[in-house]
$ cat my_file24.txt   # compact mmCIF, C-alpha atoms
# COMPACT_ATOMS: atom_id res chain seq x y z
CA MET C 1 -10.41 -25.68 15.55
CA ILE C 2 -6.65 -26.08 15.10
CA PHE C 3 -7.07 -25.64 11.36
CA PHE C 4 -9.24 -22.57 11.90
CA ALA C 5 -6.54 -21.07 14.17
CA ILE C 6 -3.92 -21.85 11.52
CA LEU C 7 -6.02 -20.07 8.89
CA LEU C 8 -6.29 -17.01 11.15
CA VAL C 9 -2.51 -16.94 11.60
CA LEU C 10 -1.98 -17.43 7.85
CA VAL C 11 -4.32 -14.55 7.04
CA PHE C 12 -2.34 -12.32 9.40
CA VAL C 13 1.03 -13.41 8.00
CA ALA C 14 -0.19 -13.07 4.39
CA GLN C 15 -1.47 -9.56 5.13
CA ILE C 16 1.95 -8.52 6.49
CA VAL C 17 3.75 -10.17 3.55
CA GLU C 18 1.51 -8.30 1.10
CA LEU C 19 2.82 -5.01 2.50
CA PHE C 20 6.32 -5.91 1.34
CA LEU C 21 5.40 -7.23 -2.10
CA PRO C 22 6.13 -4.51 -4.65
CA PRO C 23 3.44 -3.74 -7.24
CA LEU C 24 4.03 -5.24 -10.68
CA GLU C 25 5.09 -2.45 -13.00
CA TRP C 26 4.55 -4.60 -16.12
CA MET C 27 0.92 -5.04 -15.04
CA TYR C 28 0.17 -1.32 -14.57
CA ASN C 29 1.17 -1.45 -10.89
CA ALA C 30 -1.20 -4.30 -10.00
CA HIS C 31 -0.69 -5.61 -6.47
CA ILE C 32 -0.39 -9.23 -5.41
CA TYR C 33 -3.15 -10.30 -3.00
CA ILE C 34 -2.76 -13.55 -1.07
CA VAL C 35 -5.23 -12.99 1.77
CA PRO C 36 -8.41 -13.31 -0.34
CA VAL C 37 -7.29 -16.72 -1.63
CA VAL C 38 -6.75 -17.94 1.95
CA VAL C 39 -10.11 -16.52 3.05
CA PHE C 40 -11.94 -18.07 0.10
CA TYR C 41 -10.36 -21.44 0.81
CA GLY C 42 -11.56 -21.04 4.41
CA ALA C 43 -15.03 -20.30 3.03
CA MET C 44 -15.11 -23.78 1.55
CA ALA C 45 -13.26 -25.68 4.24
CA LEU C 46 -15.00 -24.21 7.30
CA PRO C 47 -18.60 -24.20 8.54
CA PHE C 48 -20.62 -21.00 8.11
CA PRO C 49 -20.00 -19.37 11.55
CA LEU C 50 -16.22 -19.93 11.40
CA MET C 51 -16.17 -18.76 7.78
CA LEU C 52 -17.83 -15.50 8.84
CA THR C 53 -15.30 -15.09 11.67
CA LEU C 54 -12.40 -15.59 9.25
CA ALA C 55 -13.92 -13.11 6.78
CA ALA C 56 -14.45 -10.56 9.58
CA PHE C 57 -10.85 -10.96 10.72
CA ALA C 58 -9.48 -10.53 7.20
CA GLY C 59 -11.74 -7.53 6.55
CA LEU C 60 -10.71 -5.85 9.79
CA LEU C 61 -7.03 -6.40 9.00
CA LEU C 62 -7.45 -4.97 5.50
CA ASP C 63 -9.26 -1.92 6.80
CA ALA C 64 -6.85 -1.30 9.66
CA LEU C 65 -3.81 -1.52 7.40
CA THR C 66 -5.01 0.33 4.35
CA MET C 67 -7.82 2.76 5.17
CA GLN C 68 -7.05 6.43 4.78
CA VAL C 69 -8.05 9.00 7.35
CA ILE C 70 -7.54 12.49 5.97
CA GLY C 71 -8.51 15.31 8.27
CA PRO C 72 -12.14 14.83 9.27
CA ARG C 73 -12.79 12.22 6.58
CA VAL C 74 -12.36 8.44 6.35
CA GLU C 75 -12.31 7.38 2.73
CA ILE C 76 -13.69 3.86 3.20
CA ALA C 77 -15.09 3.52 6.70
CA LEU C 78 -13.91 0.76 9.00
CA GLY C 79 -16.17 -2.24 8.53
CA TRP C 80 -16.83 -2.10 4.78
CA SER C 81 -14.12 -4.65 3.99
CA ILE C 82 -15.65 -6.98 6.59
CA LEU C 83 -18.96 -6.74 4.78
CA ILE C 84 -17.36 -7.28 1.36
CA TYR C 85 -15.39 -10.29 2.53
CA ALA C 86 -18.41 -11.74 4.34
CA VAL C 87 -20.64 -11.46 1.26
CA LEU C 88 -18.06 -12.90 -1.15
CA ALA C 89 -17.03 -15.66 1.27
CA SER C 90 -20.71 -16.57 1.66
CA ILE C 91 -20.99 -16.93 -2.13
CA MET C 92 -17.93 -19.19 -2.09
CA HIS C 93 -19.43 -21.11 0.83
CA GLY C 94 -22.48 -21.73 -1.31
CA LEU C 95 -20.23 -23.57 -3.76
CA ARG C 96 -18.95 -25.84 -0.98
CA PRO C 97 -20.83 -28.97 -2.14
CA LEU C 98 -18.99 -28.77 -5.48
CA PHE C 99 -15.67 -28.41 -3.65
CA ILE C 100 -16.42 -31.45 -1.50
CA ARG C 101 -17.21 -33.41 -4.68
CA GLY C 102 -13.72 -32.53 -5.91
CA ARG C 103 -14.63 -29.85 -8.50
CA TRP C 104 -12.20 -27.35 -7.02
CA GLU C 105 -11.16 -25.73 -10.33
CA ILE C 106 -14.34 -23.63 -10.25
CA HIS C 107 -13.29 -22.33 -6.84
CA CYS C 108 -9.84 -21.36 -8.13
CA ILE C 109 -11.49 -19.27 -10.85
CA MET C 110 -14.00 -17.86 -8.37
CA SER C 111 -11.16 -16.90 -5.98
CA GLY C 112 -9.70 -14.74 -8.73
CA VAL C 113 -13.06 -13.25 -9.62
CA CYS C 114 -13.84 -12.49 -5.96
CA THR C 115 -10.39 -10.92 -5.43
CA SER C 116 -11.14 -8.57 -8.30
CA LEU C 117 -14.60 -7.91 -6.86
CA VAL C 118 -13.02 -6.82 -3.54
CA LEU C 119 -10.91 -4.28 -5.44
CA LEU C 120 -13.78 -3.21 -7.70
CA SER C 121 -16.03 -2.53 -4.73
CA GLN C 122 -13.26 -0.50 -3.05
CA TYR C 123 -12.73 1.46 -6.25
CA LEU C 124 -16.46 2.12 -6.66
CA MET C 125 -16.63 3.43 -3.09
CA ILE C 126 -13.66 5.73 -3.71
CA THR C 127 -15.17 6.90 -7.00
CA PHE C 128 -18.47 7.61 -5.25
CA ARG C 129 -16.71 9.52 -2.45
CA ARG C 130 -14.49 11.59 -4.74
CA GLY C 131 -17.36 12.40 -7.01
CA SER C 132 -16.14 11.58 -10.50
CA ILE C 133 -16.31 8.35 -12.44
CA LEU C 134 -12.97 7.44 -13.91
CA PHE C 135 -12.32 4.04 -15.46
CA THR C 136 -8.99 4.05 -17.26
CA PRO C 137 -7.22 0.95 -18.67
CA GLU C 138 -4.83 1.26 -15.70
CA ALA C 139 -7.78 1.04 -13.28
CA TRP C 140 -9.08 -2.08 -15.01
CA TRP C 141 -5.64 -3.67 -14.87
CA GLN C 142 -5.32 -2.83 -11.18
CA ILE C 143 -8.70 -4.45 -10.57
CA GLY C 144 -8.35 -7.42 -12.91
CA GLY C 145 -4.63 -8.09 -12.56
CA PRO C 146 -4.71 -9.17 -8.91
CA GLY C 147 -7.67 -11.41 -9.76
CA LEU C 148 -5.72 -13.11 -12.53
CA LEU C 149 -2.76 -13.56 -10.21
CA ALA C 150 -5.03 -14.95 -7.46
CA MET C 151 -6.46 -17.41 -9.99
CA LEU C 152 -2.94 -18.59 -10.83
CA MET C 153 -1.91 -18.82 -7.17
CA ALA C 154 -5.11 -20.51 -6.01
CA PRO C 155 -4.35 -24.14 -7.03
CA LEU C 156 -1.03 -24.08 -5.16
CA ILE C 157 -2.42 -22.29 -2.10
CA PHE C 158 -5.49 -24.54 -2.02
CA TRP C 159 -3.31 -27.63 -2.25
CA LEU C 160 -1.04 -26.37 0.55
CA LEU C 161 -3.98 -25.47 2.78
CA HIS C 162 -5.69 -28.76 2.01
CA THR C 163 -2.51 -30.62 3.00
CA ILE C 164 -2.36 -28.62 6.23
CA GLY C 165 -6.06 -29.37 6.78
CA GLU C 166 -5.43 -33.09 6.41
CA ALA C 167 -2.35 -32.98 8.63
CA THR C 168 -4.32 -31.22 11.37
CA ASP C 169 -7.31 -33.50 10.86
CA ASN C 170 -9.71 -30.73 9.87
CA PRO C 171 -13.09 -32.16 10.88
CA PHE C 172 -15.08 -29.78 8.68
CA LEU C 173 -14.21 -31.33 5.32
CA PRO C 174 -16.14 -34.52 4.66
CA GLN C 175 -15.01 -36.84 1.81
CA ARG C 176 -11.54 -35.35 1.97
CA GLU C 177 -10.18 -38.25 -0.06
CA SER C 178 -12.17 -37.12 -3.11
CA TYR C 179 -10.31 -33.79 -3.33
CA MET L 180 -29.97 -22.23 7.90
CA ASN L 181 -29.28 -23.60 11.38
CA ARG L 182 -29.32 -21.74 14.65
CA SER L 183 -25.53 -21.29 14.96
CA SER L 184 -25.39 -19.68 11.50
CA ILE L 185 -28.14 -17.24 12.43
CA ILE L 186 -26.34 -16.35 15.67
CA ALA L 187 -23.09 -15.87 13.73
CA LEU L 188 -24.86 -13.56 11.27
CA LEU L 189 -26.37 -11.52 14.09
CA ILE L 190 -22.97 -11.18 15.80
CA LEU L 191 -21.40 -10.12 12.49
CA ALA L 192 -24.14 -7.53 11.99
CA ALA L 193 -23.53 -6.18 15.50
CA VAL L 194 -19.75 -6.00 14.94
CA LEU L 195 -20.32 -4.27 11.59
CA GLY L 196 -22.74 -1.82 13.14
CA TYR L 197 -20.23 -1.05 15.88
CA PHE L 198 -17.35 -0.40 13.46
CA LEU L 199 -19.43 1.60 11.01
CA THR L 200 -20.29 4.11 13.75
CA PHE L 201 -16.59 4.94 14.24
CA GLY L 202 -15.76 8.57 13.55
CA PRO L 203 -12.46 9.73 12.01
CA GLU L 204 -10.77 10.18 15.38
CA SER L 205 -11.70 6.72 16.72
CA THR L 206 -10.73 5.20 13.37
CA ARG L 207 -7.38 6.96 13.45
CA LYS L 208 -6.77 5.78 17.03
CA LEU L 209 -7.67 2.21 16.14
CA GLN L 210 -5.41 2.30 13.08
CA ALA L 211 -2.54 3.80 15.08
CA GLY L 212 -2.97 1.15 17.78
CA PHE L 213 -2.99 -1.58 15.18
CA TYR L 214 0.14 -0.27 13.47
CA GLN L 215 1.84 0.00 16.85
CA MET L 216 0.94 -3.62 17.56
CA ILE L 217 2.39 -4.90 14.31
CA SER L 218 5.37 -2.52 14.19
CA PRO L 219 7.87 -5.27 15.20
CA PHE L 220 6.72 -7.34 12.20
CA LEU L 221 7.01 -4.33 9.91
CA THR L 222 10.52 -3.34 11.00
CA THR L 223 11.73 -6.95 10.79
CA GLY L 224 10.15 -7.33 7.36
CA SER L 225 11.72 -4.08 6.21
CA SER L 226 15.24 -5.08 7.24
CA LEU L 227 14.76 -8.52 5.65
CA GLN L 228 13.65 -6.87 2.43
CA LYS L 229 16.75 -4.63 2.43
CA GLN L 230 19.02 -7.64 2.90
CA ILE L 231 17.36 -9.52 0.05
CA THR L 232 17.68 -6.49 -2.24
CA SER L 233 21.35 -6.13 -1.33
CA VAL L 234 22.06 -9.81 -2.12
CA ARG L 235 20.22 -9.48 -5.43
CA THR L 236 22.32 -6.46 -6.40
CA GLY L 237 25.47 -8.38 -5.51
CA LEU L 238 24.47 -11.30 -7.72
CA LYS L 239 23.87 -8.98 -10.67
CA SER L 240 27.40 -7.60 -10.33
CA LEU L 241 28.81 -11.11 -10.30
CA GLU L 242 27.08 -11.91 -13.56
CA GLU L 243 28.56 -8.83 -15.22
CA LEU L 244 31.96 -9.67 -13.86
CA GLU L 245 31.85 -13.18 -15.27
CA LYS L 246 31.22 -11.82 -18.73
CA ASP L 247 34.09 -9.35 -18.48
CA ASN L 248 36.79 -11.57 -17.15
CA ALA L 249 36.29 -15.30 -17.53
CA GLU L 250 39.78 -16.50 -16.59
CA LEU L 251 39.85 -14.60 -13.28
CA ARG L 252 36.33 -15.57 -12.32
CA VAL L 253 36.98 -17.08 -8.91
CA GLU L 254 39.34 -14.34 -7.82
CA ASN L 255 37.08 -11.66 -9.17
CA ARG L 256 34.09 -13.10 -7.34
CA ALA L 257 35.81 -12.57 -4.03
CA LEU L 258 36.94 -9.09 -5.04
CA ASN L 259 33.54 -8.19 -6.33
CA ALA L 260 31.85 -9.37 -3.17
CA THR L 261 34.18 -7.16 -1.13
CA ASN L 262 33.65 -4.26 -3.50
CA GLN L 263 29.92 -4.71 -3.37
CA ALA L 264 29.97 -4.59 0.40
CA LEU L 265 32.14 -1.46 0.27
CA ARG L 266 29.90 0.12 -2.34
CA ASP L 267 26.92 -0.51 -0.10
CA VAL L 268 28.75 1.15 2.77
CA GLU L 269 29.87 4.03 0.57
CA ARG L 270 26.36 4.55 -0.75
CA GLU L 271 25.03 4.48 2.80
CA VAL L 272 27.66 7.01 3.94
CA ASN L 273 26.93 9.31 1.00
CA ARG L 274 23.21 9.04 1.59
CA LEU L 275 23.54 9.86 5.29
CA ARG L 276 26.06 12.65 4.59
CA THR L 277 23.64 14.28 2.14
CA ALA L 278 20.80 13.86 4.60
CA LEU L 279 22.85 15.32 7.45
CA ALA L 280 23.97 18.28 5.36
CA TYR L 281 20.39 18.98 4.34
CA ARG L 282 19.22 18.72 7.93
CA GLU L 283 21.88 21.20 9.08
CA ARG L 284 21.28 23.81 6.39
CA SER L 285 17.50 23.52 6.44
CA VAL L 286 15.45 26.27 8.03
CA PHE L 287 13.09 23.65 9.44
CA LYS L 288 13.34 21.38 12.44
CA LEU L 289 13.60 17.99 10.82
CA VAL L 290 13.18 14.49 12.24
CA PRO L 291 14.91 11.87 10.07
CA ALA L 292 12.96 8.71 9.29
CA GLU L 293 13.34 5.54 7.26
CA ILE L 294 10.70 4.03 4.99
CA VAL L 295 9.36 0.77 6.42
CA THR L 296 6.72 -0.22 3.87
CA ARG L 297 5.44 1.41 0.71
CA ASP L 298 2.24 1.24 -1.35
CA ALA L 299 0.31 -0.97 1.05
CA SER L 300 -2.79 -0.91 -1.11
CA THR L 301 -3.89 -0.48 -4.68
CA TRP L 302 -5.89 2.71 -4.35
CA TRP L 303 -3.90 4.84 -1.93
CA ARG L 304 -0.30 5.97 -2.31
CA THR L 305 1.20 5.81 1.15
CA VAL L 306 4.40 4.79 2.89
CA THR L 307 5.02 4.00 6.53
CA ILE L 308 7.99 5.49 8.37
CA ASN L 309 9.74 4.37 11.54
CA ARG L 310 8.98 7.51 13.56
CA GLY L 311 5.91 8.33 15.62
CA LYS L 312 4.52 10.27 18.56
CA GLN L 313 7.52 9.45 20.72
CA ASP L 314 9.69 11.35 18.21
CA GLY L 315 7.41 14.38 18.22
CA ILE L 316 5.52 13.48 15.05
CA GLU L 317 1.89 14.52 14.75
CA THR L 318 -0.85 14.26 12.17
CA ASP L 319 -0.60 16.60 9.14
CA MET L 320 3.12 17.27 9.28
CA SER L 321 5.04 17.72 6.03
CA VAL L 322 7.46 15.03 4.94
CA VAL L 323 10.39 16.04 2.73
CA THR L 324 13.77 14.98 1.41
CA ASP L 325 16.65 17.20 0.37
CA GLN L 326 15.14 17.12 -3.15
CA GLY L 327 11.66 18.32 -2.25
CA LEU L 328 8.22 17.49 -0.96
CA VAL L 329 7.22 13.86 -0.28
CA GLY L 330 3.82 14.15 1.41
CA LYS L 331 2.24 14.52 4.83
CA THR L 332 1.61 12.33 7.86
CA THR L 333 -1.92 11.05 8.35
CA THR L 334 -2.08 8.37 11.07
CA VAL L 335 0.59 8.51 13.77
CA SER L 336 1.21 5.79 16.36
CA GLU L 337 3.88 5.73 19.07
CA SER L 338 6.71 4.55 16.83
CA ILE L 339 5.34 4.35 13.31
CA SER L 340 3.47 6.77 11.03
CA ILE L 341 1.62 6.64 7.74
CA VAL L 342 2.65 9.21 5.13
CA LEU L 343 0.26 10.15 2.34
CA LEU L 344 2.41 10.77 -0.71
CA VAL L 345 2.07 13.86 -2.85
CA SER L 346 1.21 11.52 -5.75
CA ASP L 347 -2.10 10.52 -4.09
CA GLU L 348 -5.26 12.21 -5.35
CA ASN L 349 -6.21 13.06 -1.76
CA CYS L 350 -2.98 14.93 -1.01
CA ARG L 351 -3.66 18.51 -2.10
CA VAL L 352 -0.89 21.06 -1.96
CA ALA L 353 -1.25 24.78 -2.56
CA ALA L 354 1.58 25.77 -4.87
CA ASN L 355 2.96 28.58 -6.98
CA VAL L 356 5.06 28.58 -10.09
CA GLU L 357 8.59 29.97 -10.14
CA GLY L 358 8.89 33.33 -11.89
CA THR L 359 5.13 33.86 -12.22
CA ARG L 360 2.18 34.89 -10.08
CA GLU L 361 0.40 31.67 -10.96
CA GLN L 362 -1.03 29.67 -8.05
CA GLY L 363 -2.78 26.33 -8.10
CA ILE L 364 -3.44 23.09 -6.30
CA VAL L 365 -1.18 20.10 -6.83
CA SER L 366 -2.68 16.63 -6.49
CA GLY L 367 -1.87 13.14 -7.69
CA GLU L 368 -3.80 10.83 -9.97
CA ARG L 369 -6.48 8.43 -8.78
CA VAL L 370 -5.02 5.53 -10.70
CA ALA L 371 -1.40 5.54 -11.73
CA GLY L 372 0.05 2.99 -14.09
CA ALA L 373 3.65 3.82 -13.22
CA LEU L 374 5.69 3.63 -10.03
CA ALA L 375 6.55 7.33 -10.31
CA PRO L 376 3.38 8.97 -11.61
CA LEU L 377 3.08 12.59 -12.68
CA LEU L 378 1.26 15.22 -10.61
CA ASN L 379 -1.47 17.62 -11.70
CA LEU L 380 -1.31 21.35 -11.00
CA ASN L 381 -4.91 22.51 -11.35
CA PHE L 382 -6.78 25.83 -11.22
CA LEU L 383 -4.15 27.86 -13.06
CA SER L 384 -5.25 30.79 -15.19
CA LYS L 385 -5.86 30.09 -18.86
CA GLN L 386 -3.18 32.61 -19.76
CA ALA L 387 -0.50 30.97 -17.61
CA ASN L 388 1.33 29.45 -20.59
CA LEU L 389 3.84 27.59 -18.44
CA GLN L 390 7.00 26.25 -20.01
CA PRO L 391 8.52 22.81 -19.43
CA GLY L 392 11.13 22.90 -16.69
CA GLN L 393 9.58 25.71 -14.63
CA LYS L 394 9.73 24.79 -10.97
CA VAL L 395 6.72 24.60 -8.68
CA TYR L 396 6.98 25.34 -4.95
CA THR L 397 4.59 25.08 -2.02
CA SER L 398 2.91 28.42 -1.32
CA GLY L 399 2.23 27.80 2.37
CA VAL L 400 -1.50 28.41 1.98
CA GLY L 401 -3.54 25.95 4.04
CA GLY L 402 -1.04 25.64 6.84
CA VAL L 403 0.04 22.01 6.42
CA PHE L 404 2.94 22.53 4.03
CA PRO L 405 5.37 25.37 4.74
CA SER L 406 6.15 27.64 1.82
CA GLY L 407 9.16 27.21 -0.41
CA LEU L 408 9.35 23.42 -0.67
CA LEU L 409 10.04 22.18 -4.17
CA VAL L 410 7.12 20.06 -5.43
CA GLY L 411 8.21 19.36 -9.00
CA ALA L 412 8.89 20.76 -12.43
CA VAL L 413 6.40 21.50 -15.21
CA LYS L 414 6.37 18.88 -17.92
CA GLU L 415 3.45 20.08 -20.01
CA TYR L 416 0.73 22.69 -19.84
CA LYS L 417 -2.74 22.64 -21.33
CA VAL L 418 -5.71 24.97 -21.32
CA ARG L 419 -9.03 23.41 -20.26
CA ASP L 420 -12.57 24.84 -20.48
CA LEU L 421 -12.39 26.77 -17.23
CA ASP L 422 -8.75 26.80 -16.19
CA GLY L 423 -5.22 25.79 -17.08
CA GLN L 424 -3.61 22.55 -15.97
CA ALA L 425 0.04 21.62 -15.80
CA ARG L 426 1.50 18.14 -15.48
CA LEU L 427 4.47 18.00 -13.13
CA ALA L 428 7.32 15.58 -12.71
CA PRO L 429 7.70 15.17 -8.93
CA ALA L 430 10.91 16.60 -7.47
CA VAL L 431 11.43 13.44 -5.44
CA ASP L 432 11.64 9.97 -6.95
CA LEU L 433 8.81 8.52 -4.90
CA ALA L 434 9.44 4.98 -6.10
CA LYS L 435 12.95 4.93 -4.64
CA LEU L 436 12.44 6.67 -1.33
CA GLU L 437 14.64 5.40 1.48
CA ASP L 438 15.15 8.25 3.95
CA VAL L 439 12.85 11.17 4.56
CA PHE L 440 12.50 14.02 7.05
CA VAL L 441 9.40 15.04 8.92
CA VAL L 442 9.08 18.82 9.33
CA THR L 443 8.18 19.39 12.99
CA GLY L 444 8.56 23.19 12.95
CA ARG L 445 10.88 26.07 12.11
CA LYS L 446 14.33 26.54 13.66
$ encode --input "my_file24.txt" --output "structure tokens"
Amino acid sequence: MIFFAILLVLVFVAQIVELFLPPLEWMYNAHIYIVPVVVFYGAMALPFPLMLTLAAFAGLLLDALTMQVIGPRVEIALGWSILIYAVLASIMHGLRPLFIRGRWEIHCIMSGVCTSLVLLSQYLMITFRRGSILFTPEAWWQIGGPGLLAMLMAPLIFWLLHTIGEATDNPFLPQRESY
Amino acid sequence: MNRSSIIALLILAAVLGYFLTFGPESTRKLQAGFYQMISPFLTTGSSLQKQITSVRTGLKSLEELEKDNAELRVENRALNATNQALRDVEREVNRLRTALAYRERSVFKLVPAEIVTRDASTWWRTVTINRGKQDGIETDMSVVTDQGLVGKTTTVSESISIVLLVSDENCRVAANVEGTREQGIVSGERVAGALAPLLNLNFLSKQANLQPGQKVYTSGVGGVFPSGLLVGAVKEYKVRDLDGQARLAPAVDLAKLEDVFVVTGRK
């Protein structure tokens, strides 16, 4: 449970840090997302109920910090990010046996893909709400760029979190030595 | 799937169902409460970010100085550090002097505010400012600088507010063009590949034939934005099937915003 609490705190801190990270102009203003990588690590390192709790916490944070309420309209209603995180984290949780066997490179790639899927689903919801389909190269970069960055960050973040997990004796990761 | 997983799924479904029933007002309240709760983290983060930026600027000057004067490097480092500090102070004084002058000559009641965070997400162009309900700020108030229109407030907590920038597609501003009878709606782009994206002025007449450089001001229609605020200048004009559209360069450099004013009324 200590490790789970640490992951919750890390998700919160990462979400605040993200607010201060400027978008990358050379990547068509793509943002850097750290929270999904932490959540997707949690999806592999935690049992299903705790994984869902972590995903719900991250989704609620994302919604509360970024949703836009304009007049009588909420662009993406509170709760959608929880659902998106829960679904994607469940997919990652399904790959847990591979992770326990030490094949964590797949999860690094999947973290990037799932980060992009979070953004794609948000963009599709916005597109649906605003009523016109618009997929420019900039939009693809802003969806794919954060995924690529998450893929690059994932090995380091996974290693750090795994080290913290070992230091706090995370009981939910069997065969930790094979990582 | 074991029993605890099923229970967890049911709880998640209940939580989701609860949140998804939130209306705009409850959502706004929850968001305001959340921002209020994390405002100490945001203000600390903002001041840390400013310090880091200042140090980075200082280091750049040192590099230039080394190239210019190799033999006096050590002495120049000290001088440059002092100069940098003074330049920061001077810049700050100039910035505040300009802001104060604008506040005094403006016909509006203005509440000064500092930017705390900017561009929190990929799809919405917003900034947060360090003023809220306790400073008399309310939802849908215009935000300006001495150069022109910045946007409007959306969610307001006790000490922090979210400002929707004029460069967001959802921020629609009724505007007219200087020297013409042309009126239209200014809005931003859904996806912008640059830090300072252009704005669109839609629903112009096909005969408008606007020229680059013509200024665009708020018309006051709609009630949120008072009339006469500079929105931007025409960069190009094109005729579409049903109307004319102009692309505008925003009057305010939205990527480098530091201080803004919230319009709380007229003097």
$ closest_residue --input "my_file24.txt" --among "C:Cys114, C:Leu119, C:Ile2, C:Ile126" --to "Trp140 (chain C)" --atoms "all atoms listed in the file"
C:Leu119
$ residues_near_point --input "my_file24.txt" --point "(-11.0, -26.1, 6.6)" --cutoff "10 Å" --atoms "all atoms listed in the file" --output "list in words"
Met1, Ile2, Phe3, Phe4, Ile6, Leu7, Tyr41, Gly42, Ala43, Met44, Ala45, Leu46, Pro47, Leu50, Met51, Leu161, His162, Ile164, Gly165, Glu166, Thr168, Asp169, Asn170, Pro171, Phe172 and Leu173 of chain C
$ residues_around --input "my_file24.txt" --residues "region 416-432 of chain L" --least-positions-apart "3" --cutoff "8 Å" --atoms "only C-alpha atoms" --output "ChimeraX atom specification"
/L:324,326-329,375-391,409-413,435-436
$ closest_residue --input "my_file24.txt" --among "L:Ser183, L:Ser285, L:Ser205, L:Ser218" --to "Leu78 (chain C)" --atoms "all atoms listed in the file"
L:Ser205
$ interface_residues --input "my_file24.txt" --of "chain C" --to "chain L" --cutoff "7 Å" --atoms "all atoms listed in the file" --output "list in words"
Leu19, Phe20, Glu25, Tyr28, Asn29, His31, Phe48, Pro49, Ala64, Thr66, Val69, Ile70, Pro72, Arg73, Val74, Ala77, Leu78, Gly79, Glu138 and Ala139 of chain C
$ atom_distance --input "my_file24.txt" --atom1 "CA of Leu62 (chain C)" --atom2 "CA of Glu18 (chain C)"
10.5 Å
$ residues_around --input "my_file24.txt" --residues "Ile84 (chain C)" --least-positions-apart "5" --cutoff "9 Å" --atoms "all atoms listed in the file" --output "MDAnalysis selection string"
chainID C and resid 55 59 79 89 117:118 121
$ atom_distance --input "my_file24.txt" --atom1 "CA of Val39 (chain C)" --atom2 "CA of Thr223 (chain L)"
25.1 Å
